[in-house]
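One file, my_file.txt, carrying compact mmCIF, C-alpha atoms and all ligand atoms:
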```
# COMPACT_ATOMS: atom_id res chain seq x y z
CA MET A 1 0.00 0.00 0.00
CA GLU A 2 1.25 3.43 -0.90
CA ILE A 3 0.48 5.88 1.84
CA GLY A 4 0.18 9.65 1.96
CA ASN A 5 -1.00 10.13 -1.65
CA HIS A 6 -4.74 10.59 -1.15
CA LYS A 7 -6.32 13.98 -1.70
CA ALA A 8 -8.94 15.50 0.55
CA HIS A 9 -11.81 17.46 -0.99
CA ALA A 10 -14.04 19.11 1.58
CA ALA A 11 -17.34 18.21 -0.13
CA ASP A 12 -16.49 14.53 -0.66
CA THR A 13 -17.66 11.72 1.55
CA PRO A 14 -14.72 10.93 3.81
CA SER A 15 -13.51 7.32 3.62
CA LEU A 16 -13.41 7.31 7.41
CA VAL A 17 -15.53 9.14 9.97
CA VAL A 18 -14.29 9.55 13.54
CA VAL A 19 -16.35 10.70 16.50
CA GLY A 20 -14.61 11.30 19.80
CA SER A 21 -13.45 13.86 22.30
CA ILE A 22 -11.68 17.07 21.37
CA GLY A 23 -10.09 18.49 24.42
CA ILE A 24 -7.60 20.64 26.19
CA ASP A 25 -5.32 18.45 28.30
CA THR A 26 -3.00 19.12 31.21
CA ILE A 27 -0.49 16.32 31.61
CA GLU A 28 2.08 15.62 34.25
CA THR A 29 4.82 13.05 33.66
CA PRO A 30 7.68 12.20 36.06
CA VAL A 31 9.82 14.58 34.00
CA THR A 32 7.61 17.54 33.21
CA ARG A 33 4.16 19.12 33.23
CA ARG A 34 2.39 20.51 30.17
CA GLU A 35 -0.61 22.72 30.59
CA SER A 36 -3.54 23.28 28.21
CA ILE A 37 -2.33 21.34 25.19
CA LEU A 38 -4.44 19.90 22.39
CA GLY A 39 -5.78 16.43 23.14
CA GLY A 40 -8.89 14.30 22.87
CA SER A 41 -9.44 10.90 21.31
CA ALA A 42 -10.73 12.36 18.02
CA SER A 43 -7.72 14.68 17.67
CA TYR A 44 -5.26 11.81 17.96
CA ALA A 45 -7.29 9.36 15.87
CA CYS A 46 -7.97 11.79 13.01
CA ALA A 47 -4.37 12.99 12.83
CA ALA A 48 -3.13 9.37 12.70
CA ALA A 49 -5.68 8.34 10.07
CA SER A 50 -4.90 11.37 7.91
CA PHE A 51 -1.61 9.81 6.80
CA PHE A 52 -3.57 7.08 5.02
CA THR A 53 -6.99 8.31 4.00
CA ASN A 54 -9.56 11.13 3.94
CA VAL A 55 -10.93 11.43 7.43
CA GLY A 56 -13.91 13.40 8.71
CA MET A 57 -14.10 14.53 12.33
CA VAL A 58 -17.28 14.64 14.43
CA GLY A 59 -17.08 16.52 17.69
CA VAL A 60 -17.69 19.76 19.52
CA VAL A 61 -15.56 22.55 20.92
CA GLY A 62 -16.38 25.69 22.87
CA THR A 63 -15.78 29.25 21.77
CA ASP A 64 -12.57 29.18 23.82
CA PHE A 65 -10.97 26.61 21.47
CA PRO A 66 -7.78 28.19 20.11
CA LYS A 67 -7.66 28.84 16.36
CA GLN A 68 -4.17 27.39 16.17
CA HIS A 69 -5.64 23.94 16.94
CA VAL A 70 -8.13 24.24 14.08
CA ASP A 71 -5.21 25.25 11.86
CA LEU A 72 -3.38 22.13 12.96
CA TYR A 73 -6.37 19.96 11.99
CA LYS A 74 -6.26 21.69 8.61
CA HIS A 75 -2.55 20.92 8.34
CA PHE A 76 -3.50 17.24 8.60
CA GLN A 77 -6.22 17.85 5.95
CA ILE A 78 -8.89 16.58 8.33
CA ASN A 79 -12.42 17.21 7.03
CA LEU A 80 -13.99 19.51 9.63
CA ASP A 81 -17.59 19.60 8.33
CA GLY A 82 -18.63 17.63 11.43
CA LEU A 83 -16.82 19.85 13.94
CA GLU A 84 -19.22 22.12 15.80
CA THR A 85 -18.34 25.22 17.79
CA VAL A 86 -20.90 26.16 20.45
CA PRO A 87 -21.02 28.72 23.27
CA GLY A 88 -19.28 27.40 26.36
CA GLU A 89 -16.00 25.79 27.29
CA THR A 90 -14.16 23.00 25.53
CA PHE A 91 -13.78 19.56 27.14
CA ARG A 92 -10.85 19.49 29.58
CA TRP A 93 -8.91 16.62 31.07
CA THR A 94 -5.99 16.42 33.52
CA GLY A 95 -3.92 13.30 34.06
CA VAL A 96 -0.75 12.36 35.91
CA TYR A 97 1.64 9.52 35.08
CA GLU A 98 3.49 7.46 37.66
CA ALA A 99 7.23 6.84 37.40
CA ASN A 100 6.88 3.83 35.05
CA MET A 101 4.91 6.02 32.56
CA ASP A 102 2.38 3.21 32.31
CA ASN A 103 0.01 3.81 35.20
CA ARG A 104 -2.00 6.97 34.89
CA ARG A 105 -4.45 8.70 37.17
CA THR A 106 -7.15 11.06 36.00
CA LEU A 107 -7.17 14.17 38.19
CA SER A 108 -10.12 15.87 36.53
CA THR A 109 -12.55 15.48 33.65
CA GLU A 110 -14.72 18.43 32.65
CA LEU A 111 -17.15 17.44 29.90
CA ASN A 112 -18.23 21.07 29.38
CA VAL A 113 -19.71 21.38 25.85
CA PHE A 114 -19.72 17.58 25.47
CA ALA A 115 -22.34 17.29 28.23
CA ALA A 116 -25.15 18.62 26.00
CA PHE A 117 -23.74 17.61 22.62
CA GLN A 118 -26.04 15.90 20.11
CA PRO A 119 -23.86 15.05 17.12
CA LYS A 120 -25.52 15.54 13.76
CA LEU A 121 -23.65 13.92 10.90
CA PRO A 122 -23.23 16.19 7.88
CA ALA A 123 -25.01 14.70 4.83
CA SER A 124 -21.63 14.11 3.18
CA TYR A 125 -20.50 11.84 6.07
CA ARG A 126 -23.48 9.49 6.11
CA LYS A 127 -22.34 7.15 3.40
CA SER A 128 -18.80 6.86 4.75
CA PRO A 129 -17.70 3.19 4.61
CA PHE A 130 -15.54 3.23 7.74
CA LEU A 131 -16.54 4.52 11.16
CA PHE A 132 -14.42 4.82 14.28
CA LEU A 133 -16.30 5.56 17.50
CA ALA A 134 -13.34 6.81 19.51
CA ASN A 135 -13.57 7.20 23.27
CA ILE A 136 -16.47 9.47 24.32
CA GLN A 137 -19.80 8.96 26.13
CA PRO A 138 -21.41 5.80 24.70
CA GLY A 139 -24.69 7.72 24.18
CA LEU A 140 -22.93 9.96 21.64
CA GLN A 141 -21.36 6.93 19.94
CA LEU A 142 -24.83 5.41 19.61
CA HIS A 143 -26.20 8.63 18.19
CA VAL A 144 -23.57 8.62 15.43
CA LEU A 145 -24.10 4.92 14.74
CA ASP A 146 -27.80 5.66 14.21
CA GLN A 147 -27.05 8.23 11.53
CA ILE A 148 -24.50 6.46 9.39
CA GLU A 149 -25.85 4.37 6.50
CA LYS A 150 -24.57 0.84 6.02
CA PRO A 151 -20.89 1.31 6.91
CA ARG A 152 -18.57 -1.54 5.88
CA PHE A 153 -16.59 -1.60 9.09
CA THR A 154 -17.23 0.00 12.46
CA VAL A 155 -14.99 0.06 15.51
CA VAL A 156 -15.64 1.29 19.05
CA ASP A 157 -13.15 2.29 21.73
CA THR A 158 -14.01 3.14 25.33
CA MET A 159 -12.55 3.65 28.81
CA ASP A 160 -13.07 2.77 32.49
CA LEU A 161 -15.22 5.80 33.20
CA TRP A 162 -17.92 4.65 30.75
CA ILE A 163 -17.67 1.01 31.84
CA ASN A 164 -18.39 2.23 35.37
CA THR A 165 -21.04 4.82 34.61
CA ALA A 166 -22.75 3.90 31.31
CA LYS A 167 -22.25 0.16 30.90
CA GLU A 168 -25.70 -0.61 29.46
CA VAL A 169 -25.50 1.95 26.66
CA LEU A 170 -21.91 0.89 25.99
CA ILE A 171 -23.00 -2.73 25.57
CA GLU A 172 -25.70 -1.60 23.17
CA VAL A 173 -23.00 0.09 21.07
CA ILE A 174 -20.71 -2.95 21.24
CA LYS A 175 -23.52 -5.20 19.98
CA ARG A 176 -23.78 -3.10 16.82
CA VAL A 177 -20.13 -2.77 15.77
CA ASP A 178 -17.64 -5.02 13.97
CA MET A 179 -14.75 -4.50 16.36
CA LEU A 180 -14.31 -3.51 20.00
CA THR A 181 -10.96 -2.10 21.07
CA LEU A 182 -10.02 -1.45 24.70
CA ASN A 183 -7.06 -1.89 27.00
CA GLU A 184 -6.45 -4.99 29.08
CA SER A 185 -7.70 -3.69 32.43
CA GLU A 186 -10.87 -2.41 30.74
CA ALA A 187 -11.38 -5.79 29.03
CA ARG A 188 -11.18 -7.49 32.43
CA ARG A 189 -13.51 -5.02 34.08
CA LEU A 190 -16.11 -5.06 31.32
CA SER A 191 -16.17 -8.87 31.00
CA GLY A 192 -15.66 -9.76 34.66
CA GLN A 193 -13.05 -12.30 33.51
CA HIS A 194 -9.44 -12.30 34.61
CA THR A 195 -7.53 -14.02 31.81
CA LEU A 196 -7.46 -12.10 28.55
CA LEU A 197 -8.60 -15.13 26.58
CA LYS A 198 -11.73 -15.56 28.67
CA ALA A 199 -12.32 -11.81 28.64
CA ALA A 200 -12.01 -11.69 24.85
CA ARG A 201 -14.40 -14.64 24.43
CA ALA A 202 -16.98 -13.01 26.67
CA LEU A 203 -16.69 -9.74 24.74
CA LEU A 204 -16.93 -11.53 21.36
CA ASP A 205 -20.13 -13.12 22.69
CA LEU A 206 -21.66 -9.63 22.87
CA GLY A 207 -21.61 -9.49 19.06
CA PRO A 208 -18.51 -7.93 17.48
CA LYS A 209 -16.50 -10.05 15.06
CA TYR A 210 -13.20 -8.83 16.51
CA VAL A 211 -11.94 -7.78 19.92
CA LEU A 212 -8.64 -5.91 19.94
CA ILE A 213 -7.01 -5.70 23.35
CA LYS A 214 -4.31 -3.05 23.79
CA LYS A 215 -1.44 -3.76 26.15
CA GLY A 216 0.40 -0.44 26.04
CA GLU A 217 4.14 -0.89 25.55
CA HIS A 218 3.55 -4.64 25.25
CA GLY A 219 1.60 -4.37 22.02
CA SER A 220 -1.86 -5.66 21.26
CA ILE A 221 -3.82 -8.86 20.63
CA LEU A 222 -6.54 -9.33 18.01
CA PHE A 223 -9.15 -11.96 18.86
CA SER A 224 -11.81 -13.41 16.60
CA GLU A 225 -13.96 -16.51 17.00
CA GLN A 226 -11.39 -18.57 15.08
CA SER A 227 -8.04 -16.86 15.65
CA ILE A 228 -5.63 -14.92 17.80
CA PHE A 229 -3.01 -12.53 16.43
CA MET A 230 -0.38 -11.00 18.69
CA MET A 231 1.56 -7.90 17.82
CA PRO A 232 4.39 -6.27 19.76
CA ALA A 233 4.83 -2.53 20.11
CA PHE A 234 7.69 -0.82 18.28
CA PRO A 235 10.52 -0.52 20.83
CA LEU A 236 11.40 3.08 21.70
CA GLU A 237 14.33 4.58 23.57
CA ASP A 238 12.42 7.56 24.80
CA VAL A 239 8.72 7.97 25.54
CA GLN A 240 7.74 11.52 26.42
CA ASP A 241 3.97 11.20 26.69
CA PRO A 242 1.87 8.06 26.17
CA THR A 243 -1.40 10.05 26.15
CA GLY A 244 -3.47 9.22 23.10
CA ALA A 245 -1.39 6.21 22.08
CA GLY A 246 -4.48 4.00 21.91
CA ASP A 247 -6.38 6.56 19.85
CA THR A 248 -3.42 7.03 17.52
CA PHE A 249 -3.07 3.27 17.14
CA ALA A 250 -6.75 2.80 16.32
CA GLY A 251 -6.85 5.87 14.05
CA GLY A 252 -3.82 4.64 12.10
CA LEU A 253 -5.33 1.16 11.90
CA MET A 254 -8.67 2.45 10.58
CA GLY A 255 -6.98 4.83 8.15
CA ALA A 256 -4.82 2.03 6.76
CA LEU A 257 -7.81 -0.28 6.52
CA ALA A 258 -9.85 2.35 4.67
CA ALA A 259 -6.92 2.89 2.29
CA ALA A 260 -6.56 -0.85 1.68
CA GLY A 261 -10.28 -0.93 0.87
CA LYS A 262 -10.50 -4.54 2.00
CA VAL A 263 -11.74 -5.85 5.30
CA ASP A 264 -10.54 -9.31 6.13
CA GLU A 265 -8.31 -10.60 8.85
CA THR A 266 -5.13 -10.25 6.80
CA SER A 267 -5.85 -6.60 6.01
CA ILE A 268 -6.69 -5.92 9.65
CA ARG A 269 -3.39 -7.48 10.74
CA LYS A 270 -1.49 -5.35 8.21
CA ALA A 271 -3.36 -2.25 9.33
CA MET A 272 -2.41 -3.02 12.95
CA ILE A 273 1.24 -2.74 11.92
CA TYR A 274 0.62 0.77 10.57
CA GLY A 275 -1.39 1.68 13.66
CA SER A 276 1.48 0.63 15.91
CA VAL A 277 4.04 2.53 13.90
CA VAL A 278 2.05 5.78 13.94
CA ALA A 279 1.40 5.36 17.67
CA SER A 280 5.13 4.86 18.26
CA PHE A 281 5.80 8.26 16.71
CA GLY A 282 2.96 9.88 18.63
CA VAL A 283 4.36 9.07 22.08
CA GLU A 284 7.77 10.57 21.27
CA ALA A 285 6.37 14.02 22.06
CA PHE A 286 3.37 15.69 23.71
CA SER A 287 0.05 16.31 21.98
CA LEU A 288 0.26 16.05 18.16
CA ASP A 289 3.75 17.57 18.08
CA ARG A 290 5.54 14.51 16.72
CA LEU A 291 2.80 13.56 14.24
CA ARG A 292 2.95 17.10 12.90
CA ALA A 293 6.66 16.71 12.19
CA ILE A 294 6.65 13.38 10.34
CA THR A 295 5.75 12.42 6.77
CA ALA A 296 4.48 9.27 5.05
CA LEU A 297 8.12 8.44 4.27
CA ASP A 298 8.98 8.28 7.98
CA ILE A 299 6.05 5.93 8.52
CA GLU A 300 7.13 3.69 5.65
CA ALA A 301 10.73 3.56 6.88
CA ARG A 302 9.76 2.62 10.43
CA THR A 303 7.21 0.10 9.13
CA SER A 304 9.97 -1.70 7.18
CA LEU A 305 12.17 -1.76 10.24
CA PHE A 306 9.30 -3.04 12.39
CA ARG A 307 8.48 -5.83 9.91
CA GLU A 308 12.14 -6.89 9.94
CA MET A 309 12.07 -7.06 13.74
CA MET A 310 9.06 -9.37 13.62
CA SER A 311 10.15 -11.72 10.85
CA VAL A 312 11.68 -15.12 11.59
P1 LIG B 1 -5.82 7.72 25.93
O1 LIG B 1 -4.41 8.02 26.36
O2 LIG B 1 -5.88 6.86 24.71
O3 LIG B 1 -6.68 7.26 27.04
O4 LIG B 1 -6.45 9.09 25.43
C1 LIG B 1 -6.18 10.27 26.08
C2 LIG B 1 -7.12 11.35 25.58
O5 LIG B 1 -8.45 11.03 25.96
C3 LIG B 1 -6.79 12.69 26.18
O6 LIG B 1 -6.29 13.54 25.18
C4 LIG B 1 -8.10 13.17 26.80
O7 LIG B 1 -8.44 14.46 26.36
C5 LIG B 1 -9.13 12.18 26.35
N1 LIG B 1 -10.04 11.78 27.43
C6 LIG B 1 -9.77 11.64 28.76
N2 LIG B 1 -10.87 11.28 29.43
C7 LIG B 1 -11.87 11.18 28.52
C8 LIG B 1 -13.26 10.85 28.59
N3 LIG B 1 -13.86 10.56 29.75
N4 LIG B 1 -13.97 10.82 27.44
C9 LIG B 1 -13.38 11.13 26.28
N5 LIG B 1 -12.09 11.45 26.14
C10 LIG B 1 -11.34 11.48 27.25
```
What is this file in structure tokens?
Amino acid sequence: MEIGNHKAHAADTPSLVVVGSIGIDTIETPVTRRESILGGSASYACAAASFFTNVGMVGVVGTDFPKQHVDLYKHFQINLDGLETVPGETFRWTGVYEANMDNRRTLSTELNVFAAFQPKLPASYRKSPFLFLANIQPGLQLHVLDQIEKPRFTVVDTMDLWINTAKEVLIEVIKRVDMLTLNESEARRLSGQHTLLKAARALLDLGPKYVLIKKGEHGSILFSEQSIFMMPAFPLEDVQDPTGAGDTFAGGLMGALAAAGKVDETSIRKAMIYGSVVASFGVEAFSLDRLRAITALDIEARTSLFREMMSV
């Protein structure tokens, strides 16, 4: 697959639609603290997907959302027809990482304009073949799912907060998608099973054809009824900020899948390689800083290296 050669036209139906959070993050790592930087699951997922395909964003920001962030979305050629600006404040999130950079605590979540958001898909998005329901309230994910017409492949991501506070709606969403992606502790919590295999089986029983469990720096595992595929993460010397790695991984995966135009297990496995590679760049800096600096050539080069590392 040749990447980075698609052209975005604003009026076209995007190959991939992403709904998720768009937020202003404050992040503390053992090394440093960064205040009020661009974050949100949709920001990371759309930027990652944009290297592979035309992607349309669905989300909401407040009138306080800095113009420079919109300009950055434009730099990635993200279709912004589904981005609403409403009176009020943008979603905000604060998190702190422990010394191992793996465990993270949420210090605050302010839904702000997301609390009353009712996404309305622009007409041009409704026939999009690929849909990624990135992490946001399951009710909003359901609302988008209701408006899209016959997508070829739909994926949902979520987090602990929604498993704890909106489990029933979340399960309704999971029943209607082709793939569920979540991290290992979330898979255990949602399924009530301890081993990942049992957890994956219980989650597959809810309806999706695939369950993709993310294991942070240890990679990810794709489960289907008949198969298991394990993928490592690209080894890095220096991780500055793991925030958004899961969203970047899934966004890259969906972008690559949309570009491949085929949805079978082989194409999903190949797309997971691209997702991992883009995510590995993303964590080398805060926010979208590293993704902004790379090109399709960097992704191709690291993908070749990664494939070499995995071949026997
Ligand atoms: P991740 O590291 O993949 O969990 O994603 C981190 C991003 O998720 C941050 O940029 C946050 O703005 C965003 N985020 C944090 N909490 C939530 C939430 N409850 N709903 C939606 N997005 C969130």
Item to check | Two-atom distance - atom CA of A:Arg189, atom CA of A:Glu110 (Å) | outcome: 23.5 Å
Checklist entry - Which protein, DNA or RNA residues have an atom within 7 Å of ligand LIG 1 (chain B), counting only C-alpha atoms and all ligand atoms, as a ChimeraX atom specification? => result /A:20-25,39-41,92-93,109,135-137,161,242-247
Checklist outcome for this item: Of A:Lys74, A:Lys214, A:Lys67, A:Arg33, the one sitting nearest A:Ser50 when using all atoms listed in the file is A:Lys74
Next on the checklist: Report as a PyMOL selection string all protein, DNA and RNA residues lying within 10 Å of A:Arg302, evaluated on all atoms listed in the file, omitting residues in the same chain fewer than 3 positions from it.
Outcome noted: chain A and resi 234+274+277-278+280-281+297-299+305-308
Proximity of stretch 2-54 of chain A to stretch 116-130 of chain A: per-residue shortest pair, 10 Å limit, only C-alpha atoms, as a Markdown table:
```
| residue | atom | partner | partner_atom | distance |
| --- | --- | --- | --- | --- |
| A:Ala10 | CA | A:Ser124 | CA | 9.2 |
| A:Ala11 | CA | A:Ser124 | CA | 6.8 |
| A:Asp12 | CA | A:Ser124 | CA | 6.4 |
| A:Thr13 | CA | A:Ser124 | CA | 4.9 |
| A:Pro14 | CA | A:Ser128 | CA | 5.8 |
| A:Ser15 | CA | A:Ser128 | CA | 5.4 |
| A:Leu16 | CA | A:Phe130 | CA | 4.6 |
| A:Val17 | CA | A:Phe130 | CA | 6.3 |
| A:Val18 | CA | A:Phe130 | CA | 8.7 |
| A:Val19 | CA | A:Pro119 | CA | 8.7 |
```
Next on the checklist: Using only C-alpha atoms, can you tell me which of A:Phe286, A:Phe132, A:Tyr97, A:Phe91 comes closest to A:Leu253?
Outcome noted: A:Phe132
Checklist entry - Quick one: distance from atom CA of A:Lys270 to atom CA of A:Gln226 in Å, one decimal? => result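 Distance between the two atoms: 17.9 Å.
Put simply, atom CA of A:Ala166 is 23.4 Å away from atom CA of A:Tyr44.
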Item to check | Which of A:Gln68, A:Asn103, A:Thr63, A:Thr181 sits closest to A:Thr29 [using only C-alpha atoms] | outcome: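 Closest to A:Thr29, using only C-alpha atoms: A:Asn103.
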Next on the checklist: With only C-alpha atoms as the counted atoms, please give the residues lying no more than 10 Å from A:Leu288, apart from itself and same-chain residues fewer than 5 positions off, as a PyMOL selection string.
Outcome noted: chain A and resi 37-39+43-44+47-48+69+72-73+244+248+281-283+293
